[in-house]
>>> print(open('coords-v6.cif').read())   # mmCIF, C-alpha atoms
data_input
#
loop_
_atom_site.label_atom_id
_atom_site.label_comp_id
_atom_site.auth_asym_id
_atom_site.auth_seq_id
_atom_site.Cartn_x
_atom_site.Cartn_y
_atom_site.Cartn_z
CA MET A 1 0.00 0.00 0.00
CA ASP A 2 2.83 2.41 0.92
CA PHE A 3 4.58 1.59 -2.35
CA LEU A 4 1.37 2.23 -4.31
CA LEU A 5 0.79 5.56 -2.55
CA LEU A 6 4.40 6.55 -3.18
CA SER A 7 4.04 5.66 -6.85
CA VAL A 8 0.84 7.70 -7.20
CA MET A 9 2.42 10.68 -5.45
CA SER A 10 5.52 10.43 -7.61
CA GLY A 11 3.36 10.29 -10.73
CA LEU A 12 1.41 13.36 -9.65
CA LEU A 13 4.59 15.29 -8.87
CA ALA A 14 6.04 14.31 -12.23
CA GLY A 15 2.85 15.41 -13.98
CA ILE A 16 2.84 18.76 -12.17
CA SER A 17 6.50 19.26 -13.07
CA ILE A 18 5.78 18.58 -16.72
CA LEU A 19 2.82 20.99 -16.70
CA HIS A 20 4.95 23.61 -14.96
CA TRP A 21 7.62 23.23 -17.65
CA CYS A 22 5.03 23.47 -20.41
CA CYS A 23 3.54 26.59 -18.80
CA ARG A 24 6.87 28.38 -18.68
CA GLU A 25 6.81 31.95 -19.89
CA THR A 26 7.14 32.46 -23.61
CA ARG A 27 8.60 35.44 -25.36
CA PRO A 28 6.39 38.46 -24.55
CA HIS A 29 4.48 40.28 -27.25
CA ILE A 30 5.43 43.65 -25.72
CA LYS A 31 8.60 43.51 -23.62
CA SER A 32 7.86 46.51 -21.44
CA LEU A 33 5.42 49.38 -21.02
CA MET A 34 8.30 51.82 -20.64
CA ASN A 35 7.50 54.79 -22.91
CA LYS A 36 4.53 52.90 -24.38
CA HIS A 37 1.17 54.59 -24.82
CA VAL A 38 -1.85 52.85 -23.29
CA VAL A 39 -5.39 54.08 -23.96
CA ILE A 40 -8.01 53.12 -21.37
CA THR A 41 -11.76 53.73 -21.55
CA GLY A 42 -13.70 53.96 -18.30
CA ALA A 43 -10.47 55.19 -16.73
CA SER A 44 -11.72 57.58 -14.05
CA SER A 45 -12.44 54.96 -11.38
CA GLY A 46 -12.24 51.29 -10.42
CA ILE A 47 -10.19 48.92 -12.55
CA GLY A 48 -9.63 51.59 -15.22
CA LEU A 49 -8.03 54.00 -12.77
CA ALA A 50 -5.97 51.19 -11.26
CA MET A 51 -4.68 50.25 -14.72
CA ALA A 52 -3.81 53.87 -15.49
CA LYS A 53 -1.81 54.02 -12.26
CA GLU A 54 0.01 50.77 -13.05
CA VAL A 55 0.90 51.95 -16.57
CA LEU A 56 2.46 55.09 -15.11
CA LEU A 57 4.34 53.09 -12.47
CA GLN A 58 5.79 50.97 -15.28
CA GLY A 59 7.04 54.04 -17.09
CA GLY A 60 4.34 54.37 -19.73
CA PHE A 61 2.08 57.13 -20.98
CA VAL A 62 -1.67 56.86 -20.54
CA SER A 63 -4.74 58.30 -22.23
CA MET A 64 -7.70 58.24 -19.87
CA ILE A 65 -11.16 58.37 -21.44
CA SER A 66 -14.34 58.74 -19.40
CA ARG A 67 -17.68 60.44 -19.95
CA ASN A 68 -17.51 62.56 -16.78
CA PRO A 69 -14.99 65.45 -16.99
CA SER A 70 -14.98 66.19 -13.25
CA ASN A 71 -14.31 62.53 -12.40
CA LEU A 72 -11.42 62.56 -14.87
CA GLN A 73 -9.94 65.65 -13.26
CA ARG A 74 -10.15 64.08 -9.81
CA ALA A 75 -8.59 60.86 -11.12
CA VAL A 76 -5.65 62.69 -12.68
CA LYS A 77 -5.11 64.73 -9.51
CA SER A 78 -5.05 61.54 -7.43
CA LEU A 79 -2.50 59.92 -9.76
CA VAL A 80 -0.23 62.97 -9.77
CA GLU A 81 -0.31 63.15 -5.97
CA ASP A 82 -0.18 59.43 -5.18
CA ILE A 83 2.73 58.42 -7.40
CA SER A 84 4.40 61.80 -8.03
CA CYS A 85 3.60 61.50 -11.71
CA HIS A 86 4.17 64.39 -14.08
CA PRO A 87 0.86 65.49 -15.64
CA ASP A 88 2.51 65.54 -19.09
CA ARG A 89 2.42 61.72 -19.08
CA ILE A 90 -1.39 61.75 -18.96
CA PHE A 91 -3.82 62.69 -21.72
CA THR A 92 -7.50 62.96 -20.83
CA LYS A 93 -10.61 63.18 -22.95
CA ALA A 94 -14.23 63.26 -21.80
CA ALA A 95 -16.26 61.09 -24.15
CA ASP A 96 -19.17 58.67 -23.90
CA VAL A 97 -18.06 55.32 -25.33
CA SER A 98 -21.59 54.67 -26.56
CA ASN A 99 -21.42 57.80 -28.73
CA PHE A 100 -19.64 56.77 -31.94
CA ARG A 101 -18.61 60.27 -33.01
CA ALA A 102 -17.40 61.29 -29.56
CA ILE A 103 -15.30 58.18 -28.94
CA THR A 104 -13.90 58.23 -32.48
CA GLN A 105 -12.71 61.79 -31.95
CA ALA A 106 -11.24 60.84 -28.55
CA ILE A 107 -9.29 57.94 -30.06
CA GLN A 108 -7.99 60.09 -32.91
CA GLU A 109 -6.84 62.81 -30.51
CA ALA A 110 -5.13 60.24 -28.29
CA PHE A 111 -3.31 58.80 -31.31
CA GLN A 112 -2.24 62.28 -32.40
CA TRP A 113 -0.78 62.79 -28.93
CA LYS A 114 1.17 59.52 -29.20
CA PRO A 115 0.78 56.38 -31.35
CA ILE A 116 -1.25 53.80 -29.43
CA ASP A 117 0.57 50.66 -28.29
CA VAL A 118 -2.19 49.18 -26.10
CA LEU A 119 -5.93 49.82 -26.27
CA ILE A 120 -8.01 48.67 -23.30
CA THR A 121 -11.78 48.84 -23.65
CA ASN A 122 -12.70 48.86 -19.99
CA ALA A 123 -15.85 51.00 -19.72
CA GLY A 124 -18.77 49.01 -18.37
CA LEU A 125 -21.76 49.14 -16.06
CA THR A 126 -24.83 47.20 -15.00
CA ARG A 127 -28.41 47.84 -14.00
CA SER A 128 -29.40 45.04 -11.68
CA GLY A 129 -32.68 43.16 -11.77
CA ASN A 130 -34.50 40.41 -13.63
CA LEU A 131 -35.20 41.19 -17.26
CA GLU A 132 -38.93 41.94 -16.89
CA THR A 133 -38.27 44.52 -14.17
CA GLN A 134 -35.75 46.50 -16.17
CA THR A 135 -36.69 49.61 -18.10
CA VAL A 136 -35.91 49.89 -21.79
CA GLU A 137 -33.71 52.88 -20.91
CA ASP A 138 -31.58 50.75 -18.56
CA ILE A 139 -31.36 47.96 -21.13
CA ASP A 140 -30.22 50.39 -23.83
CA LEU A 141 -27.73 52.01 -21.44
CA THR A 142 -26.17 48.66 -20.51
CA ILE A 143 -25.92 47.46 -24.11
CA GLY A 144 -24.70 50.85 -25.33
CA THR A 145 -21.94 51.06 -22.73
CA ASN A 146 -20.78 47.45 -22.49
CA LEU A 147 -21.12 46.30 -26.10
CA ASN A 148 -21.19 49.35 -28.37
CA GLY A 149 -18.75 50.98 -25.96
CA THR A 150 -16.34 48.14 -26.72
CA ILE A 151 -16.98 47.97 -30.47
CA TYR A 152 -16.79 51.71 -31.19
CA PRO A 153 -13.30 52.42 -29.73
CA ILE A 154 -11.86 49.37 -31.50
CA HIS A 155 -13.56 50.31 -34.77
CA ALA A 156 -12.07 53.81 -34.52
CA SER A 157 -8.62 52.50 -33.58
CA LEU A 158 -8.07 49.66 -36.05
CA PRO A 159 -6.82 51.67 -39.05
CA LEU A 160 -4.38 53.51 -36.75
CA LEU A 161 -3.30 50.37 -34.90
CA LYS A 162 -2.70 48.41 -38.11
CA LYS A 163 -0.45 51.17 -39.38
CA HIS A 164 1.46 51.38 -36.09
CA SER A 165 1.79 47.58 -35.86
CA LYS A 166 3.93 47.47 -39.01
CA GLU A 167 6.88 48.55 -36.88
CA HIS A 168 5.71 48.03 -33.29
CA PRO A 169 3.75 45.27 -31.52
CA VAL A 170 0.27 46.34 -30.48
CA SER A 171 -2.24 44.86 -28.03
CA ILE A 172 -6.00 45.22 -27.74
CA VAL A 173 -7.58 44.19 -24.44
CA LEU A 174 -11.34 43.77 -24.19
CA VAL A 175 -12.42 43.77 -20.56
CA GLY A 176 -15.14 41.19 -20.19
CA SER A 177 -16.00 39.36 -17.00
CA LEU A 178 -16.39 35.87 -15.60
CA ALA A 179 -19.96 36.64 -16.69
CA SER A 180 -18.59 36.32 -20.25
CA MET A 181 -18.50 32.58 -19.57
CA PHE A 182 -20.98 31.92 -16.76
CA VAL A 183 -24.39 33.44 -16.04
CA PHE A 184 -24.49 36.29 -13.52
CA TYR A 185 -27.80 35.95 -11.61
CA ALA A 186 -30.23 38.91 -11.89
CA GLU A 187 -27.86 40.54 -14.37
CA GLY A 188 -29.26 39.08 -17.59
CA VAL A 189 -28.59 42.05 -19.88
CA TYR A 190 -25.13 42.55 -18.39
CA THR A 191 -24.38 38.84 -18.91
CA ALA A 192 -25.58 39.05 -22.51
CA THR A 193 -23.28 41.98 -23.25
CA LYS A 194 -20.28 40.25 -21.70
CA TYR A 195 -20.94 37.05 -23.67
CA ALA A 196 -21.04 39.26 -26.77
CA VAL A 197 -17.71 40.85 -25.82
CA LYS A 198 -16.20 37.35 -25.63
CA GLY A 199 -17.51 36.59 -29.12
CA LEU A 200 -16.08 39.85 -30.41
CA ALA A 201 -12.68 39.08 -28.89
CA GLU A 202 -12.61 35.61 -30.51
CA SER A 203 -13.56 37.09 -33.87
CA LEU A 204 -10.96 39.86 -33.63
CA LYS A 205 -8.22 37.41 -32.72
CA ILE A 206 -8.79 35.60 -36.01
CA GLU A 207 -9.38 38.79 -38.00
CA LEU A 208 -6.12 40.37 -36.81
CA MET A 209 -3.86 37.32 -37.19
CA PRO A 210 -2.12 38.79 -40.28
CA TYR A 211 -1.07 41.82 -38.21
CA ASN A 212 1.28 42.31 -35.29
CA ILE A 213 -1.71 42.89 -33.03
CA ALA A 214 -2.48 40.66 -30.05
CA VAL A 215 -6.06 40.41 -28.79
CA SER A 216 -6.82 39.64 -25.15
CA LEU A 217 -10.03 39.06 -23.23
CA ALA A 218 -9.74 39.98 -19.55
CA CYS A 219 -12.30 38.24 -17.33
CA PRO A 220 -12.14 39.47 -13.74
CA GLY A 221 -14.58 38.20 -11.17
CA PHE A 222 -16.08 40.33 -8.42
CA VAL A 223 -13.83 43.36 -7.91
CA GLU A 224 -14.08 45.85 -5.04
CA THR A 225 -15.42 48.83 -6.99
CA PRO A 226 -18.65 50.88 -6.96
CA PHE A 227 -19.98 48.30 -9.44
CA LEU A 228 -20.71 46.04 -6.47
CA ASP A 229 -22.93 48.70 -4.90
CA GLU A 230 -25.30 48.26 -7.84
CA VAL A 231 -25.09 44.47 -7.52
CA GLU A 232 -26.12 44.65 -3.85
CA LYS A 233 -29.16 46.90 -4.36
CA ASP A 234 -31.72 44.09 -4.07
CA GLU A 235 -31.42 42.03 -0.89
CA LYS A 236 -33.59 39.19 -2.24
CA ASP A 237 -31.47 38.78 -5.38
CA LEU A 238 -28.31 39.07 -3.30
CA LYS A 239 -29.23 35.91 -1.36
CA LEU A 240 -29.43 33.89 -4.58
CA LEU A 241 -26.31 35.55 -5.94
CA LYS A 242 -24.39 34.20 -2.97
CA ILE A 243 -25.61 30.68 -3.79
CA LEU A 244 -25.44 30.64 -7.59
CA ASN A 245 -22.37 32.83 -8.06
CA MET A 246 -20.77 32.35 -4.65
CA TYR A 247 -20.74 36.10 -4.17
CA ASP A 248 -18.89 37.34 -1.11
CA ARG A 249 -17.82 40.96 -1.09
CA LYS A 250 -15.23 40.25 1.57
CA ARG A 251 -13.42 38.09 -1.00
CA ALA A 252 -13.73 40.61 -3.84
CA GLU A 253 -10.53 41.21 -5.78
CA ASP A 254 -8.39 44.29 -5.32
CA PRO A 255 -8.57 46.52 -8.45
CA ASN A 256 -4.79 46.97 -8.29
CA ASP A 257 -4.23 43.21 -8.49
CA VAL A 258 -6.62 42.98 -11.44
CA ALA A 259 -4.85 45.88 -13.16
CA LYS A 260 -1.45 44.20 -12.85
CA ARG A 261 -2.83 40.90 -14.17
CA VAL A 262 -4.49 42.56 -17.16
CA LEU A 263 -1.40 44.53 -18.13
CA GLU A 264 0.87 41.49 -17.78
CA GLY A 265 -1.51 39.54 -19.99
CA ALA A 266 -1.48 42.36 -22.54
CA LYS A 267 2.32 42.34 -22.62
CA LYS A 268 2.42 38.57 -23.05
CA GLY A 269 -0.27 38.65 -25.71
CA SER A 270 -2.36 36.09 -23.80
CA PHE A 271 -5.86 35.67 -25.18
CA LEU A 272 -7.67 34.78 -21.95
CA ILE A 273 -6.67 36.77 -18.87
CA VAL A 274 -8.25 35.21 -15.81
CA LYS A 275 -7.23 34.23 -12.29
CA THR A 276 -5.58 30.81 -12.34
CA ASN A 277 -7.30 29.61 -9.15
CA TYR A 278 -11.00 28.99 -8.46
CA PRO A 279 -13.36 30.16 -9.90
CA GLY A 280 -11.28 31.43 -12.81
CA LEU A 281 -9.80 28.04 -13.64
CA TYR A 282 -13.19 26.31 -13.33
CA VAL A 283 -15.09 28.74 -15.54
CA SER A 284 -12.38 29.15 -18.19
CA THR A 285 -11.93 25.38 -18.47
CA LEU A 286 -15.62 24.80 -19.13
CA ALA A 287 -16.23 27.82 -21.34
CA ARG A 288 -13.01 28.68 -23.19
CA GLY A 289 -14.61 28.09 -26.56
CA PHE A 290 -12.89 27.73 -29.92
CA VAL A 291 -9.76 29.75 -29.12
CA PRO A 292 -6.94 27.44 -27.97
CA ALA A 293 -5.15 27.71 -24.65
CA GLU A 294 -2.12 30.00 -24.32
CA SER A 295 0.33 27.16 -23.77
CA LEU A 296 0.62 23.40 -24.10
CA GLY A 297 0.63 23.09 -20.33
CA ARG A 298 -2.59 25.05 -19.97
CA LEU A 299 -4.19 22.95 -22.72
CA LEU A 300 -3.24 19.70 -20.99
CA LEU A 301 -4.44 20.99 -17.63
CA GLU A 302 -7.83 22.01 -19.04
CA MET A 303 -8.20 18.69 -20.86
CA VAL A 304 -7.55 16.79 -17.63
CA LEU A 305 -9.90 18.96 -15.59
CA TYR A 306 -12.74 19.33 -18.10
CA PHE A 307 -14.65 16.12 -17.29
CA PRO A 308 -14.39 16.41 -13.47
CA PHE A 309 -15.48 20.06 -13.71
CA ARG A 310 -18.33 19.15 -16.06
CA ALA A 311 -19.48 16.47 -13.62
CA LEU A 312 -19.40 19.02 -10.79
CA SER A 313 -21.57 21.40 -12.80
CA VAL A 314 -24.14 18.65 -13.38
CA LEU A 315 -24.13 17.62 -9.71
CA ALA A 316 -24.66 21.24 -8.66
CA GLN A 317 -27.84 21.69 -10.72
CA PRO A 318 -30.31 20.10 -8.25
CA GLY A 319 -29.01 22.36 -5.48
CA TYR A 320 -29.35 25.43 -7.67
CA ARG A 321 -32.89 24.42 -8.62
CA ARG A 322 -33.92 23.92 -4.99
CA ALA A 323 -32.47 27.30 -4.03
CA LEU A 324 -34.31 29.02 -6.86
CA LEU A 325 -37.67 27.40 -6.08
CA LYS A 326 -37.31 28.13 -2.38
CA HIS A 327 -36.42 31.74 -3.17
CA PHE A 328 -39.45 32.26 -5.41
CA ARG A 329 -41.87 30.51 -3.03
CA ARG A 330 -40.69 32.72 -0.19
CA ASN A 331 -41.05 35.87 -2.28
CA ASN A 332 -44.17 34.86 -4.21
CA GLY A 333 -46.09 37.94 -5.24
CA ARG A 334 -43.27 40.27 -4.30
CA GLN A 335 -41.07 39.82 -7.39
#
>>> encode(input="coords-v6.cif", output="structure tokens")
Amino acid sequence: MDFLLLSVMSGLLAGISILHWCCRETRPHIKSLMNKHVVITGASSGIGLAMAKEVLLQGGFVSMISRNPSNLQRAVKSLVEDISCHPDRIFTKAADVSNFRAITQAIQEAFQWKPIDVLITNAGLTRSGNLETQTVEDIDLTIGTNLNGTIYPIHASLPLLKKHSKEHPVSIVLVGSLASMFVFYAEGVYTATKYAVKGLAESLKIELMPYNIAVSLACPGFVETPFLDEVEKDEKDLKLLKILNMYDRKRAEDPNDVAKRVLEGAKKGSFLIVKTNYPGLYVSTLARGFVPAESLGRLLLEMVLYFPFRALSVLAQPGYRRALLKHFRRNNGRQ
């Protein structure tokens, strides 16, 4: 028995060693952000602001785009004071990403300031609630910001990025969500837009293969930003969210950690940027889609884990169903 256990353990250690070797870092797409120009939409707060700060800390230049001029001014002031950054390294433009003309002008002005090396479409929002309770205005706002607000900046940038990529590597990062791969309860329209962003990223990756342009899809989970205030508006939905999506604000990610992970992924040219532990590994394994894994090691790991993870998802369904039925019986007539 001891010999058998030792053999199994040795086999596991050997397998982990092989996977670790296969997952070794490959040559980066962009070696460093030093003196590189990164354009970020939704940059006045949350993850966007954290990414702007990290770009500056790594020696880059940043264009910050947001629809609220006063929020942009406060964000720039905080960056200048917090990291002793010279204001000349920051370009700002107030523009609504859902307004094609406004965001196109913002992108063109940013490129005139400095050629764009990395474009990050980060702007996003949600309006919580089940579909039937949402207003058409909230639906249009969510789709306009999350989907059109991702498509429009990329559409405006592509001719400029293709030209720049002839001599310099370029990265485009679409900020999706774990909701790009797994339903986010009581956030149906938000989930739909993030699934669409994933589809756009997969399409762009293929479309831009002839160019020196890497495409990445960043999928953070719950991040400690004002976004979670909207998520927590309805106490009844919050109870189910904790069951179905294992929501726990105390375990929400730090925006600064997310920012570092996204920028490292952009430099590497990784397609899927997601936390390597649970739930990132679980969700990405089950829902990666057509685009292959970033390395042989990651591919082997996902192949090994796919069937156990799929079995877990099936086993979890009865529990989810019971929780849903109990929730609706308790709140019958109040939904």
>>> resolve_selection(input="coords-v6.cif", expression="the PyMOL selection byres ((chain A and resi 303-318) around 10)", output="list in words")
Leu244, Leu281, Tyr282, Val283, Ser284, Thr285, Leu286, Ala287, Gly297, Arg298, Leu299, Leu300, Leu301, Glu302, Gly319, Tyr320, Arg321, Arg322, Ala323 and Leu324 of chain A
>>> closest_residue(input="coords-v6.cif", among="A:Tyr190, A:Phe182, A:Phe100, A:Tyr195", to="A:Gly149", atoms="all atoms listed in the file")
A:Phe100
>>> resolve_selection(input="coords-v6.cif", expression="the PyMOL selection byres ((chain A and resi 214) around 7)", output="mmCIF file with C-alpha atoms, keeping the file's coordinate frame")
data_model
loop_
_atom_site.group_PDB
_atom_site.id
_atom_site.type_symbol
_atom_site.label_atom_id
_atom_site.label_comp_id
_atom_site.auth_asym_id
_atom_site.auth_seq_id
_atom_site.Cartn_x
_atom_site.Cartn_y
_atom_site.Cartn_z
ATOM 1 C CA VAL A 170 0.270 46.340 -30.480
ATOM 2 C CA SER A 171 -2.240 44.860 -28.030
ATOM 3 C CA ILE A 172 -6.000 45.220 -27.740
ATOM 4 C CA ASN A 212 1.280 42.310 -35.290
ATOM 5 C CA ILE A 213 -1.710 42.890 -33.030
ATOM 6 C CA VAL A 215 -6.060 40.410 -28.790
ATOM 7 C CA SER A 216 -6.820 39.640 -25.150
ATOM 8 C CA GLY A 269 -0.270 38.650 -25.710
#
>>> closest_residue(input="coords-v6.cif", among="A:Glu187, A:Glu202, A:Asp237, A:Glu253", to="A:Phe328", atoms="all atoms listed in the file")
A:Asp237
>>> resolve_selection(input="coords-v6.cif", expression="the PyMOL selection byres ((chain A and resi 124) around 8)", output="list in words")
Gly42, Asn122, Ala123, Leu125, Thr126, Thr142, Thr145, Asn146 and Gly149 of chain A
>>> closest_residue(input="coords-v6.cif", among="A:Ser63, A:Glu132, A:Gly48, A:His37", to="A:His168", atoms="all atoms listed in the file")
A:His37
>>> atom_distance(input="coords-v6.cif", atom1="atom CA of A:Arg251", atom2="atom CA of A:Ala179")
17.1 Å
>>> closest_residue(input="coords-v6.cif", among="A:Ser165, A:Ser157, A:Thr41, A:Ser295", to="A:Leu72", atoms="all atoms listed in the file")
A:Thr41
>>> closest_residue(input="coords-v6.cif", among="A:Ala43, A:Ile83, A:Leu49, A:Ala259", to="A:Val274", atoms="all atoms listed in the file")
A:Ala259
>>> residues_around(input="coords-v6.cif", residues="stretch 31-33 of chain A", least_positions_apart="4", cutoff="9 Å", atoms="all atoms listed in the file", output="JSON, numbers by chain")
{"A": [27, 37, 38, 55, 56, 58, 59, 60, 61, 117, 263, 267, 268]}
>>> closest_residue(input="coords-v6.cif", among="A:Arg261, A:Leu141, A:Ala156, A:Met64", to="A:Gln108", atoms="all atoms listed in the file")
A:Ala156
